Amino acid sequence: MLDRLNQAMDHIERHLDAEIDVAELARIAVTSEYHFRRMFSALAGMPLSEYIRRRRLTVAGAAVLAGQETLLDIAVRFGYGSGEAFARAFKAVHGVGPGEARQTGAALRSQPRMSFRLIVEGNSSMRYRIVEKDQFNLVGRKARVPLVHEGMNPAIVEFVRGIGKDTLQRLEQLSDQEPRGIVNVSDNIADGRAEGTELDYFHGVVTNHNAPDDMESVTVPAGTWAVFESEGEFPHALQYMWRDVFTEWFPSNPYRTAPGPEILRTTLSADGTRAEAELWIKVERE
């Protein structure tokens, strides 16, 4: 998988001055566009679109300083419809406009070309299983919240605190299949998964029951799920598990992500400092 990702990275480099089709990148990587975007974001730590923008403006910056083309010619070559649009994008990355950079020889910022490799340390193992599930419903309460990569998510904490104990008890009674009990669900996440982008957070249960009038329901089609198990310090162990799934497990196994929610079942220790968790991600074979 990583070899194919690096071939896609080579394609990006050859087409920085042309339109880059993400579907073509996914074809080179022999995977789906959906999975390609998610894998890139997990491995690179930034959305694919942001990486391409930074690389383009890095190469454009070298052309500006070289002084062999007009600024408008450089703008057009790298896909900007006007000198003004190019100047705004250039300044957002480099901190100075292209005209000033050329006149003063200002130091510019550089986005290095990326390549990927897998480092196998051999000091830990990832517990997982593959589960075939029929269609089911997610029933519970839903909110739109910002994505937080490290530490507690204040928006989710506040949202869950607002759900009454009676509601939680009624929800638990609806749970009738794996993963059992109250689960945390993330859905409709932006492809790049950048910090601060929004997602649908669902606090509910997996069930075949319909939703009560005061709750929401989402129907999830039948499919294959990879189920990962983890335990450790809360909440970091859960966030590291998600990272390891995408940076270690997917590159080493013949599966790719399929569209669908991510379901997390968590059991906290009595003092709330540690957690045992199962992460359910919908997958399909490569």
# chains A, B, ... in the order shown; residues from 1 in each chain; ligands from 1
>>> residues_around(residues="range 77-92 of chain A", least_positions_apart="3", cutoff="7 Å", atoms="only C-alpha atoms", output="VMD selection string")
chain A and resid 16 to 18 56 to 57 72 to 74 95 to 98
>>> write_last_selection(atoms="N, CA and C atoms", output="mmCIF file, in the first residue's frame")
data_model
loop_
_atom_site.group_PDB
_atom_site.id
_atom_site.type_symbol
_atom_site.label_atom_id
_atom_site.label_comp_id
_atom_site.auth_asym_id
_atom_site.auth_seq_id
_atom_site.Cartn_x
_atom_site.Cartn_y
_atom_site.Cartn_z
ATOM 1 N N LEU A 16 2.091 19.477 -10.557
ATOM 2 C CA LEU A 16 1.840 20.640 -9.707
ATOM 3 C C LEU A 16 1.394 21.857 -10.514
ATOM 4 N N ASP A 17 1.754 21.901 -11.795
ATOM 5 C CA ASP A 17 1.327 23.018 -12.646
ATOM 6 C C ASP A 17 0.154 22.630 -13.539
ATOM 7 N N ALA A 18 -0.601 21.613 -13.116
ATOM 8 C CA ALA A 18 -1.792 21.179 -13.852
ATOM 9 C C ALA A 18 -2.855 20.770 -12.839
ATOM 10 N N ARG A 56 2.447 23.377 -4.337
ATOM 11 C CA ARG A 56 2.358 24.270 -5.494
ATOM 12 C C ARG A 56 2.990 25.627 -5.185
ATOM 13 N N LEU A 57 2.655 26.164 -4.011
ATOM 14 C CA LEU A 57 3.147 27.497 -3.679
ATOM 15 C C LEU A 57 4.621 27.466 -3.277
ATOM 16 N N LEU A 72 2.318 37.201 -13.294
ATOM 17 C CA LEU A 72 1.051 36.734 -13.863
ATOM 18 C C LEU A 72 1.239 35.389 -14.556
ATOM 19 N N ASP A 73 2.357 35.219 -15.283
ATOM 20 C CA ASP A 73 2.606 33.933 -15.940
ATOM 21 C C ASP A 73 2.729 32.811 -14.904
ATOM 22 N N ILE A 74 3.390 33.112 -13.791
ATOM 23 C CA ILE A 74 3.522 32.100 -12.731
ATOM 24 C C ILE A 74 2.152 31.784 -12.140
ATOM 25 N N GLY A 95 3.862 34.449 3.927
ATOM 26 C CA GLY A 95 3.912 35.609 4.817
ATOM 27 C C GLY A 95 4.201 36.916 4.121
ATOM 28 N N VAL A 96 4.572 36.869 2.842
ATOM 29 C CA VAL A 96 4.797 38.073 2.035
ATOM 30 C C VAL A 96 4.178 37.844 0.666
ATOM 31 N N GLY A 97 3.850 38.911 -0.035
ATOM 32 C CA GLY A 97 3.320 38.800 -1.378
ATOM 33 C C GLY A 97 4.417 38.462 -2.370
ATOM 34 N N PRO A 98 4.056 37.965 -3.566
ATOM 35 C CA PRO A 98 5.081 37.593 -4.554
ATOM 36 C C PRO A 98 5.899 38.781 -5.050
#
>>> residues_around(residues="Thr58 in chain A", least_positions_apart="4", cutoff="10 Å", atoms="only C-alpha atoms", output="list in words")
Ile52, Arg53, Arg54, Ala62, Ala63, Val64, Phe90, Val93, His94, Leu108, Arg109, Ser110, Gln111, Pro112 and Arg113 of chain A
>>> residues_around(residues="Ala211 in chain A", least_positions_apart="2", cutoff="10 Å", atoms="only C-alpha atoms", output="ChimeraX atom specification")
/A:137-141,171,174,207-209,213-218
>>> select_by_dssp(residues="range 13-165 of chain A", states="helix (DSSP H, G or I)", output="ChimeraX atom specification")
/A:13-14,22-28,33-44,48-66,71-77,83-94,98-104,154-161,165
>>> residues_around(residues="Phe116 in chain A", least_positions_apart="5", cutoff="9 Å", atoms="only C-alpha atoms", output="compact mmCIF listing (two decimals) with C-alpha atoms, in the first residue's frame")
# COMPACT_ATOMS: atom_id res chain seq x y z
CA LEU A 2 2.76 2.47 0.91
CA ASP A 3 4.56 1.82 -2.40
CA LEU A 5 0.88 5.79 -2.15
CA ASN A 6 4.39 6.92 -3.04
CA LEU A 43 -0.14 9.57 7.42
CA ALA A 44 0.64 13.16 6.46
